[in-house]
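Asks: File input00.cif below, mmCIF, C-alpha atoms:
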```cif
data_target
#
loop_
_atom_site.label_atom_id
_atom_site.label_comp_id
_atom_site.auth_asym_id
_atom_site.auth_seq_id
_atom_site.Cartn_x
_atom_site.Cartn_y
_atom_site.Cartn_z
CA MET A 1 82.25 153.34 118.25
CA ASN A 2 79.09 154.88 116.75
CA LYS A 3 77.82 152.87 113.84
CA GLY A 4 75.91 154.73 111.16
CA LYS A 5 74.58 153.57 107.84
CA SER A 6 76.98 154.45 105.04
CA VAL A 7 75.75 156.01 101.81
CA TYR A 8 77.82 156.20 98.67
CA LEU A 9 77.62 159.95 98.04
CA ASN A 10 80.26 162.69 97.97
CA MET A 11 81.31 165.01 100.77
CA GLN A 12 79.40 168.02 99.51
CA THR A 13 76.10 166.40 100.50
CA GLY A 14 77.32 165.90 104.05
CA ASN A 15 77.57 162.12 103.68
CA VAL A 16 80.62 159.85 103.80
CA TRP A 17 82.32 157.40 101.48
CA PRO A 18 82.66 153.73 102.30
CA ILE A 19 86.06 152.36 103.10
CA ASP A 20 87.12 150.51 99.94
CA ILE A 21 89.03 147.29 100.63
CA LEU A 22 90.90 146.52 97.44
CA GLY A 23 92.24 143.02 96.90
CA MET A 24 95.49 142.72 94.96
CA ASP A 25 96.03 139.51 93.03
CA CYS A 26 98.39 137.30 94.98
CA ASP A 27 98.81 135.44 91.68
CA ASP A 28 100.39 138.47 89.98
CA PRO A 29 103.78 139.92 90.97
CA ALA A 30 103.12 143.00 88.79
CA ALA A 31 99.73 143.71 90.36
CA LEU A 32 100.05 147.50 90.31
CA GLU A 33 100.89 147.63 86.61
CA ARG A 34 97.86 145.50 85.76
CA LEU A 35 95.18 147.19 87.79
CA LEU A 36 91.73 147.32 86.31
CA LEU A 37 90.51 150.80 85.42
CA GLN A 38 88.09 150.81 88.35
CA GLN A 39 90.86 149.77 90.77
CA GLU A 40 93.21 152.45 89.44
CA LYS A 41 90.55 155.12 89.85
CA LEU A 42 89.97 154.07 93.46
CA LEU A 43 93.66 154.40 94.27
CA HIS A 44 94.11 157.78 92.64
CA LYS A 45 90.97 159.22 94.25
CA ALA A 46 91.95 157.96 97.69
CA ASP A 47 93.04 160.42 100.37
CA ILE A 48 94.53 157.62 102.49
CA ILE A 49 95.87 154.25 101.32
CA CYS A 50 96.27 151.74 104.14
CA GLY A 51 97.89 148.31 104.05
CA SER A 52 100.66 146.12 105.35
CA LYS A 53 104.24 147.16 104.63
CA ALA A 54 104.58 144.34 102.10
CA THR A 55 101.38 145.36 100.29
CA LEU A 56 102.20 149.07 100.31
CA ALA A 57 105.57 148.27 98.73
CA ILE A 58 103.86 148.01 95.34
CA LEU A 59 103.26 151.79 95.52
CA ARG A 60 106.91 152.73 95.90
CA HIS A 61 107.33 153.55 92.19
CA ASP A 62 104.43 156.02 92.21
CA PRO A 63 105.43 159.06 94.37
CA GLU A 64 101.91 160.47 94.24
CA LEU A 65 100.37 157.36 95.76
CA ALA A 66 103.30 156.63 98.09
CA GLY A 67 102.74 159.94 99.86
CA ARG A 68 99.28 158.97 101.12
CA VAL A 69 100.03 155.71 102.88
CA LEU A 70 99.05 154.60 106.38
CA PRO A 71 100.91 151.41 107.41
CA LEU A 72 98.74 148.68 108.90
CA THR A 73 100.82 147.52 111.88
CA PRO A 74 99.86 145.80 115.17
CA PRO A 75 98.02 146.50 117.33
CA LEU A 76 95.27 146.75 114.74
CA GLU A 77 92.37 148.12 116.82
CA PRO A 78 93.81 151.69 116.97
CA ILE A 79 94.30 151.58 113.19
CA TYR A 80 90.68 150.48 112.72
CA ASP A 81 89.55 153.37 114.93
CA CYS A 82 91.71 155.73 112.88
CA LEU A 83 90.22 154.49 109.61
CA ALA A 84 86.69 154.91 110.95
CA GLY A 85 87.55 158.45 112.09
CA LEU A 86 89.02 159.39 108.70
CA ARG A 87 85.90 158.09 107.02
CA ARG A 88 83.64 160.14 109.30
CA GLU A 89 85.68 163.22 108.37
CA GLY A 90 84.73 162.65 104.75
CA LEU A 91 88.11 161.35 103.54
CA ARG A 92 88.23 158.58 100.99
CA VAL A 93 90.07 155.56 102.39
CA VAL A 94 91.36 152.57 100.45
CA VAL A 95 92.74 149.53 102.26
CA LEU A 96 94.99 147.26 100.21
CA ALA A 97 94.80 143.51 100.87
CA ASP A 98 96.32 140.35 99.47
CA GLY A 99 93.94 138.39 97.27
CA ASP A 100 90.38 138.18 98.53
CA PRO A 101 90.01 140.47 101.59
CA LEU A 102 87.31 138.17 102.98
CA PHE A 103 89.53 135.05 102.85
CA TYR A 104 91.13 135.23 106.31
CA GLY A 105 91.91 138.84 105.50
CA ILE A 106 91.47 142.43 106.61
CA GLY A 107 88.00 142.58 105.04
CA ALA A 108 86.66 139.97 107.45
CA SER A 109 88.23 141.79 110.41
CA LEU A 110 86.82 145.20 109.46
CA ALA A 111 83.38 143.70 108.79
CA ARG A 112 83.36 142.48 112.39
CA TYR A 113 84.81 145.68 113.82
CA MET A 114 82.47 148.19 112.19
CA ASP A 115 79.15 148.32 110.39
CA PRO A 116 79.49 146.11 107.29
CA ALA A 117 77.66 148.85 105.37
CA ALA A 118 80.64 151.13 106.03
CA ILE A 119 82.98 149.04 103.89
CA ARG A 120 83.00 147.95 100.26
CA ILE A 121 84.93 144.85 99.18
CA HIS A 122 86.76 144.50 95.87
CA PRO A 123 87.99 140.88 95.79
CA ALA A 124 90.89 139.53 93.75
CA ILE A 125 92.32 136.04 93.31
CA SER A 126 92.92 134.47 96.71
CA CYS A 127 95.91 132.33 97.66
CA LEU A 128 93.54 129.35 97.74
CA GLN A 129 92.46 129.92 94.14
CA ALA A 130 96.02 130.56 92.99
CA ALA A 131 97.38 127.42 94.67
CA CYS A 132 94.57 125.22 93.33
CA ALA A 133 95.08 126.66 89.83
CA ARG A 134 98.72 125.59 89.90
CA LEU A 135 97.64 122.05 90.83
CA SER A 136 94.59 121.95 88.49
CA LEU A 137 92.64 121.15 91.66
CA PRO A 138 88.97 122.23 91.85
CA TRP A 139 88.76 124.40 94.95
CA HIS A 140 85.02 124.25 95.61
CA ASN A 141 85.58 121.08 97.68
CA VAL A 142 88.70 122.25 99.53
CA PHE A 143 88.41 122.75 103.29
CA CYS A 144 90.24 125.94 104.34
CA LEU A 145 91.75 127.01 107.64
CA SER A 146 94.35 129.43 108.95
CA LEU A 147 96.93 128.84 111.66
CA HIS A 148 97.62 132.59 112.07
CA GLY A 149 97.17 133.52 115.70
CA ARG A 150 95.97 130.04 116.70
CA GLU A 151 97.07 128.18 119.81
CA ASP A 152 96.08 124.68 118.73
CA PHE A 153 95.52 122.41 115.75
CA ALA A 154 91.91 121.46 116.53
CA PRO A 155 90.47 122.74 113.20
CA LEU A 156 93.19 120.85 111.31
CA PHE A 157 92.45 117.60 113.15
CA SER A 158 88.75 118.00 112.39
CA ALA A 159 89.48 118.67 108.72
CA VAL A 160 91.66 115.58 108.28
CA GLY A 161 88.69 113.34 109.03
CA ARG A 162 86.75 114.83 106.10
CA GLU A 163 88.94 113.02 103.55
CA GLN A 164 89.02 116.02 101.22
CA PRO A 165 91.78 118.46 100.17
CA ILE A 166 92.77 120.97 102.85
CA CYS A 167 94.21 124.45 102.35
CA VAL A 168 96.23 125.67 105.34
CA LEU A 169 97.64 129.18 105.76
CA THR A 170 100.69 128.61 107.95
CA SER A 171 102.45 131.06 110.27
CA ALA A 172 105.92 131.72 111.61
CA ARG A 173 105.04 129.67 114.69
CA PHE A 174 103.20 126.85 112.95
CA GLY A 175 105.03 126.30 109.66
CA PRO A 176 104.54 123.43 107.18
CA ASP A 177 107.22 121.35 108.93
CA VAL A 178 105.49 121.67 112.32
CA LEU A 179 102.17 120.85 110.71
CA ALA A 180 103.65 117.67 109.17
CA ARG A 181 105.24 116.51 112.42
CA VAL A 182 102.00 116.96 114.34
CA LEU A 183 100.03 114.96 111.77
CA LEU A 184 102.60 112.17 111.67
CA ASP A 185 102.53 111.97 115.47
CA ARG A 186 98.76 111.44 115.27
CA GLY A 187 99.11 108.61 112.77
CA VAL A 188 98.24 110.56 109.62
CA ASP A 189 100.42 109.45 106.71
CA CYS A 190 98.14 109.42 103.66
CA LEU A 191 98.50 113.06 102.54
CA ASP A 192 100.54 114.63 99.76
CA VAL A 193 101.87 118.08 100.71
CA HIS A 194 102.20 121.03 98.31
CA VAL A 195 103.88 124.09 99.86
CA PHE A 196 103.65 127.45 98.05
CA GLU A 197 106.21 130.00 99.25
CA ARG A 198 106.18 133.69 98.23
CA MET A 199 103.29 132.95 95.89
CA GLY A 200 102.86 135.56 93.18
CA LYS A 201 106.10 137.27 94.17
CA GLU A 202 109.64 137.18 92.92
CA GLY A 203 111.31 133.90 93.84
CA GLU A 204 108.08 131.95 94.14
CA SER A 205 108.67 128.30 95.09
CA VAL A 206 106.38 125.28 94.90
CA LYS A 207 107.47 122.13 96.74
CA SER A 208 105.56 118.84 96.55
CA MET A 209 106.42 115.98 98.91
CA GLY A 210 105.15 113.53 101.49
CA LEU A 211 104.60 114.36 105.15
CA GLU A 212 107.86 112.68 106.20
CA GLU A 213 109.97 114.86 103.89
CA CYS A 214 107.95 117.95 104.78
CA ALA A 215 108.66 117.40 108.48
CA ASP A 216 112.42 117.64 107.80
CA THR A 217 112.32 120.68 105.48
CA ILE A 218 112.70 124.37 106.35
CA PHE A 219 110.21 126.75 104.70
CA ASP A 220 109.53 130.47 104.52
CA ASP A 221 107.08 131.90 107.04
CA PHE A 222 103.46 132.36 106.00
CA SER A 223 103.25 129.75 103.28
CA THR A 224 100.12 128.36 101.66
CA VAL A 225 99.85 124.58 101.99
CA ILE A 226 97.58 122.17 100.15
CA LEU A 227 97.15 118.75 101.79
CA ASN A 228 95.74 116.32 99.25
CA PRO A 229 94.60 112.81 100.30
CA ARG A 230 96.21 110.04 98.25
CA ALA A 231 94.44 107.19 100.07
CA LYS A 232 91.60 106.60 102.48
CA SER A 233 92.60 107.77 105.93
CA ARG A 234 92.59 105.56 109.01
CA TYR A 235 90.15 106.61 111.69
CA PRO A 236 88.82 104.85 114.81
CA ALA A 237 85.26 103.64 115.05
CA PRO A 238 83.18 102.16 117.88
CA GLY A 239 83.87 98.48 118.38
CA ILE A 240 87.67 98.60 118.03
CA ASP A 241 89.28 95.18 117.96
CA ASN A 242 91.62 94.94 120.94
CA ASP A 243 94.06 92.76 119.02
CA GLY A 244 97.08 94.69 117.78
CA LEU A 245 96.73 97.48 120.33
CA LEU A 246 99.13 98.01 123.22
CA GLY A 247 98.28 97.93 126.90
CA SER A 248 97.19 95.43 129.49
CA CYS A 249 94.57 97.72 131.05
CA ARG A 250 91.85 97.36 128.42
CA SER A 251 88.16 97.99 128.84
CA LYS A 252 85.84 95.35 127.39
CA ARG A 253 84.02 96.11 124.16
CA PRO A 254 80.46 95.65 125.58
CA VAL A 255 81.29 98.02 128.45
CA ARG A 256 82.68 100.65 126.07
CA GLY A 257 79.62 100.40 123.86
CA ALA A 258 77.25 100.91 126.80
CA ALA A 259 79.37 103.76 128.21
CA LEU A 260 79.41 105.60 124.88
CA GLU A 261 75.63 105.21 124.61
CA LEU A 262 75.20 106.69 128.08
CA LEU A 263 77.60 109.58 127.31
CA ARG A 264 75.57 110.61 124.21
CA ILE A 265 78.50 112.39 122.58
CA TYR A 266 77.86 115.09 119.95
CA PRO A 267 80.29 115.89 117.11
CA ARG A 268 81.68 119.14 118.61
CA ASP A 269 81.90 117.96 122.22
CA THR A 270 85.02 118.02 124.34
CA VAL A 271 85.29 114.67 126.12
CA TRP A 272 87.43 113.73 129.12
CA ASP A 273 88.42 110.09 129.63
CA VAL A 274 89.79 110.08 133.19
CA GLY A 275 91.87 107.02 134.02
CA SER A 276 92.11 106.12 130.36
CA GLY A 277 94.18 102.93 130.71
CA SER A 278 95.02 101.85 127.15
CA GLY A 279 92.83 104.61 125.72
CA LEU A 280 90.32 102.36 123.94
CA LEU A 281 87.21 104.25 125.05
CA ALA A 282 88.92 107.55 124.19
CA LEU A 283 89.76 106.22 120.71
CA GLU A 284 86.16 105.20 120.08
CA ALA A 285 84.90 108.53 121.45
CA CYS A 286 87.03 110.29 118.80
CA SER A 287 84.79 108.96 116.05
CA LEU A 288 81.75 110.50 117.76
CA ALA A 289 83.38 113.83 118.72
CA HIS A 290 84.97 114.05 115.27
CA ALA A 291 84.65 117.86 115.16
CA GLY A 292 85.56 118.25 118.82
CA LYS A 293 88.28 116.95 121.08
CA VAL A 294 88.88 113.92 123.29
CA ILE A 295 91.37 114.11 126.16
CA ALA A 296 92.77 110.90 127.63
CA ILE A 297 94.02 111.45 131.20
CA GLU A 298 96.36 108.79 132.59
CA GLU A 299 98.80 108.93 135.53
CA GLN A 300 100.99 105.94 134.69
CA PRO A 301 103.68 106.80 132.09
CA GLU A 302 103.75 103.34 130.50
CA ARG A 303 100.02 103.44 129.94
CA ALA A 304 100.19 106.98 128.52
CA PHE A 305 102.84 105.73 126.12
CA ASP A 306 100.53 102.87 125.08
CA ILE A 307 97.77 105.41 124.39
CA GLN A 308 100.15 107.42 122.21
CA ILE A 309 101.06 104.35 120.13
CA ASN A 310 97.42 103.27 119.88
CA ARG A 311 96.43 106.78 118.78
CA SER A 312 98.98 106.63 115.97
CA ARG A 313 97.87 103.16 114.86
CA GLU A 314 94.21 104.15 114.75
CA GLY A 315 94.75 107.63 113.28
CA ALA A 316 92.85 109.37 116.09
CA VAL A 317 93.97 112.92 115.22
CA ASN A 318 91.62 114.64 117.69
CA LEU A 319 92.87 112.69 120.73
CA ALA A 320 95.04 114.60 123.21
CA ILE A 321 96.93 112.81 125.99
CA VAL A 322 97.55 114.25 129.46
CA LEU A 323 99.98 112.49 131.79
CA GLY A 324 99.24 113.29 135.41
CA HIS A 325 97.39 112.49 138.59
CA ALA A 326 93.71 113.42 138.64
CA PRO A 327 92.23 115.68 139.84
CA ASP A 328 95.43 117.78 140.07
CA CYS A 329 96.15 117.62 136.32
CA LEU A 330 92.60 118.58 135.34
CA GLN A 331 92.82 122.21 136.46
CA HIS A 332 93.60 123.86 133.12
CA LEU A 333 91.95 121.53 130.60
CA GLU A 334 89.20 122.65 128.23
CA THR A 335 85.69 122.61 129.68
CA PRO A 336 84.16 119.21 128.87
CA GLN A 337 80.63 118.47 127.75
CA ARG A 338 81.14 114.77 128.50
CA ILE A 339 83.25 113.02 131.16
CA PHE A 340 83.97 109.32 131.51
CA ILE A 341 85.69 108.17 134.70
CA GLY A 342 87.27 104.77 134.19
CA GLY A 343 88.93 104.49 137.60
CA GLY A 344 90.19 106.30 140.67
CA ILE A 345 86.86 106.67 142.48
CA SER A 346 87.81 104.42 145.39
CA GLY A 347 90.22 105.60 148.07
CA ALA A 348 90.97 109.01 149.51
CA ASP A 349 91.00 110.81 146.15
CA GLY A 350 87.64 109.47 145.00
CA GLN A 351 85.53 112.27 146.43
CA ALA A 352 87.97 114.93 145.24
CA LEU A 353 87.97 113.49 141.73
CA LEU A 354 84.18 113.38 141.55
CA ALA A 355 83.91 116.91 142.96
CA HIS A 356 86.32 118.37 140.43
CA CYS A 357 84.69 116.58 137.48
CA ALA A 358 81.22 117.70 138.57
CA SER A 359 82.42 121.29 138.87
CA ALA A 360 84.29 121.29 135.56
CA LEU A 361 81.48 119.69 133.55
CA ALA A 362 79.58 122.15 131.38
CA PRO A 363 75.91 122.75 132.22
CA GLY A 364 73.81 120.22 130.35
CA GLY A 365 76.77 117.84 130.22
CA ARG A 366 76.86 114.16 131.09
CA LEU A 367 79.12 112.21 133.44
CA VAL A 368 79.52 108.42 133.29
CA ALA A 369 81.57 106.45 135.83
CA SER A 370 82.66 102.84 135.57
CA CYS A 371 82.77 100.91 138.85
CA ILE A 372 83.76 97.36 139.72
CA LEU A 373 84.27 97.56 143.50
CA LEU A 374 81.19 97.83 145.70
CA ASP A 375 82.82 100.67 147.66
CA SER A 376 83.27 102.66 144.42
CA ILE A 377 79.63 102.14 143.50
CA SER A 378 78.53 103.37 146.93
CA ILE A 379 80.79 106.46 146.85
CA CYS A 380 79.76 107.46 143.34
CA ARG A 381 76.05 106.86 143.84
CA LYS A 382 75.88 108.83 147.08
CA PHE A 383 77.86 111.71 145.55
CA LEU A 384 75.52 112.01 142.56
CA GLU A 385 72.40 111.65 144.71
CA ASP A 386 73.63 114.44 147.02
CA LEU A 387 74.06 116.69 143.97
CA GLY A 388 70.49 115.99 142.97
CA TRP A 389 71.44 115.23 139.38
CA PRO A 390 69.16 112.87 137.42
CA MET A 391 70.99 109.52 137.53
CA GLU A 392 70.74 106.03 136.15
CA MET A 393 72.76 102.89 136.89
CA LEU A 394 73.41 99.98 134.56
CA GLN A 395 75.12 96.65 135.16
CA ILE A 396 76.96 95.12 132.19
CA GLN A 397 77.30 91.34 132.36
CA ALA A 398 78.54 89.83 129.10
CA SER A 399 80.11 86.57 128.01
CA THR A 400 82.50 85.74 125.20
CA LEU A 401 82.86 82.59 123.13
CA GLU A 402 85.96 80.48 123.82
CA SER A 403 87.15 76.97 123.07
CA LEU A 404 86.97 74.25 125.70
CA GLY A 405 88.32 70.83 124.83
CA HIS A 406 86.58 69.70 121.63
CA GLY A 407 83.80 72.25 122.01
CA GLU A 408 83.06 75.82 122.90
CA ARG A 409 81.63 77.64 125.86
CA LEU A 410 80.55 81.14 126.87
CA SER A 411 83.04 82.59 129.34
CA PRO A 412 81.57 85.36 131.54
CA LEU A 413 83.35 88.69 131.90
CA ASN A 414 83.54 90.45 135.24
CA PRO A 415 80.39 92.50 135.89
CA VAL A 416 80.80 96.27 135.56
CA PHE A 417 78.48 98.97 136.86
CA LEU A 418 78.00 102.20 134.91
CA LEU A 419 76.55 105.21 136.73
CA ALA A 420 75.40 108.03 134.46
CA ALA A 421 74.23 111.49 135.48
CA HIS A 422 73.07 114.65 133.72
CA LYS A 423 74.20 118.05 134.99
CA PRO A 424 71.27 120.50 134.98
#
```
Rewrite the structure of this file - the entire thing - as structure tokens.

Replies:
Amino acid sequence: MNKGKSVYLNMQTGNVWPIDILGMDCDDPAALERLLLQQEKLLHKADIICGSKATLAILRHDPELAGRVLPLTPPLEPIYDCLAGLRREGLRVVVLADGDPLFYGIGASLARYMDPAAIRIHPAISCLQAACARLSLPWHNVFCLSLHGREDFAPLFSAVGREQPICVLTSARFGPDVLARVLLDRGVDCLDVHVFERMGKEGESVKSMGLEECADTIFDDFSTVILNPRAKSRYPAPGIDNDGLLGSCRSKRPVRGAALELLRIYPRDTVWDVGSGSGLLALEACSLAHAGKVIAIEEQPERAFDIQINRSREGAVNLAIVLGHAPDCLQHLETPQRIFIGGGISGADGQALLAHCASALAPGGRLVASCILLDSISICRKFLEDLGWPMEMLQIQASTLESLGHGERLSPLNPVFLLAAHKP
């Protein structure tokens, strides 16, 4: 598409009009009857009025306007091309939108699709503002996200850790009930839920409840949800106390601390914990990759179940669990920036596991492997040296205080070797 600078002059000069994107108050069911004078002039001067079927329905009582409509239906790209072509022909185009066109709306899409100078935005009250007004909730501190067209809940999990109100635009696939069940499964239980259905329209409904009730309630599609913290949320942190967590296969705290230091995890990283055991390192990694994602990979079902329970107890919302045998189950996971291998390097699959992890790791990423057996150390070291990656090796030998008779002693833990490498 050719992009030319738009000028706001009439057709007789040979120039073109901008596409006006007119927001209609989602807080006002009689929006058409209460248009501002400027908005009314835009509509009546328009040659083409484009919008969704629901938005265009407000024009049905005005035959003059109803005869100029262009429905905005998927796929949208041909419609965008059509709008750009009508504009180049000198026709005046108005696109109707709900609320603020730049709040997860058509305005943001058109600004990406064509020259921003070719459009002119006329915002109205957004669903966020309308919902917060009903709750007397200041919206300048509300974190906003949309589940429309999404395949995962990663932005929601990241937002929960902020401990601030969250506005979620739900979809037919991911409704408020699904949202509540997912959060409860991740151990989140400290949020009040306010669901706004058909906001600003006839039959508007506002339902306030806890996550448990929300998970068992049926709602209309495309609701606006406000999640409001009522208490401080639980969230894992480095140095988790092993007491109270499930699983017999637990890494030692000094080893986890050293491994996390060698991984050098950034907030938006995707982290693999291969051979996760009870998931303790993965839980602690969640606090570092709080805006990213941690994936615990475990092949034993009972251990994977322990990780799931531990995730719920610690409130590790950004921890995903994959049950399967590595490297076979790693094929379709998100590209990691950090990989920790807690086991599986010895034996016939050791080389295959290392090879797949090295290939999957993003350039500039880091890989850390934990080894106890001398054979594992030898296999891992030779593999990394053959790759030519910068490598370091660290032995962790720690002791813990324990009672002995009438006194105390330091009881040594088994030595663990950590091999860390950086992928160029």

Asks: Suppose a student applies the PyMOL selection byres ((chain A and resi 132) around 12) to this structure; what residues should they get, written as a ChimeraX atom specification?

Replies: /A:27,125-131,133-144,165-167,194-196,199,206,224-228

Asks: With a distance cut-off of 8 Å and only C-alpha atoms, select the neighbouring residues of Cys371 (chain A), excluding the residue or stretch itself and same-chain residues fewer than 2 positions from it, and output the selection as an MDAnalysis selection string.

Replies: chainID A and resid 342:343 345 369 373:374 376:377 416:419

Asks: Kindly resolve the PyMOL selection byres ((chain A and resi 54-59) around 10) on the present coordinates and return the residues as number ranges by chain.

Replies: A: 24, 29-33, 49-53, 60-72, 95-98

Asks: Suppose you want the space between CA of Asp220 (chain A) and CA of Val193 (chain A); what is it in Å?

Replies: 15.1 Å

Asks: Can you pull out the residues contacting Arg409 (chain A)? Cut-off 10 Å, using all atoms listed in the file, and skip same-chain residues under 5 positions away; I want them as a VMD selection string.

Replies: chain A and resid 399 to 404

Asks: Identify the residues within 8 Å of coordinate (108.2, 132.4, 108.8) (same frame as the file), considering all atoms listed in the file, and give the answer as a short mmCIF file (atom, residue, chain, number, x, y, z; two decimals) with C-alpha atoms, keeping the file's coordinate frame.

Replies:
```
data_model
loop_
_atom_site.label_atom_id
_atom_site.label_comp_id
_atom_site.auth_asym_id
_atom_site.auth_seq_id
_atom_site.Cartn_x
_atom_site.Cartn_y
_atom_site.Cartn_z
CA SER A 171 102.45 131.06 110.27
CA ALA A 172 105.92 131.72 111.61
CA ARG A 173 105.04 129.67 114.69
CA GLY A 175 105.03 126.30 109.66
CA PHE A 219 110.21 126.75 104.70
CA ASP A 220 109.53 130.47 104.52
CA ASP A 221 107.08 131.90 107.04
CA PHE A 222 103.46 132.36 106.00
CA SER A 223 103.25 129.75 103.28
#
```

Asks: Set the distance at 10 Å and use only C-alpha atoms: which residues neighbour region 300-307 of chain A once local chain neighbours fewer than 3 positions away are removed? I'd like the list as a PyMOL selection string.

Replies: chain A and resi 245-249+275-280+282-283+296-297+310-313+319-325

Asks: Taking into account all atoms listed in the file, which residue in the set A:Ala84, A:Leu354, A:Thr170, A:Asp241 is nearest to Pro254 (chain A)?

Replies: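 Of A:Ala84, A:Leu354, A:Thr170, A:Asp241, the one nearest Pro254 (chain A), counting all atoms listed in the file, is A:Asp241.
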
Asks: What lies within 12 Å of region 261-267 of chain A using only C-alpha atoms, ignoring chain neighbours under 4 positions off, as JSON, numbers by chain?

Replies: {"A": [158, 161, 238, 254, 255, 256, 257, 271, 272, 273, 281, 282, 284, 285, 286, 287, 288, 289, 290, 291, 292, 293, 294, 318, 336, 337, 338, 339, 340, 341, 364, 365, 366, 367, 368, 369, 370, 391, 392, 393, 394, 418, 419, 420, 421, 422, 423]}
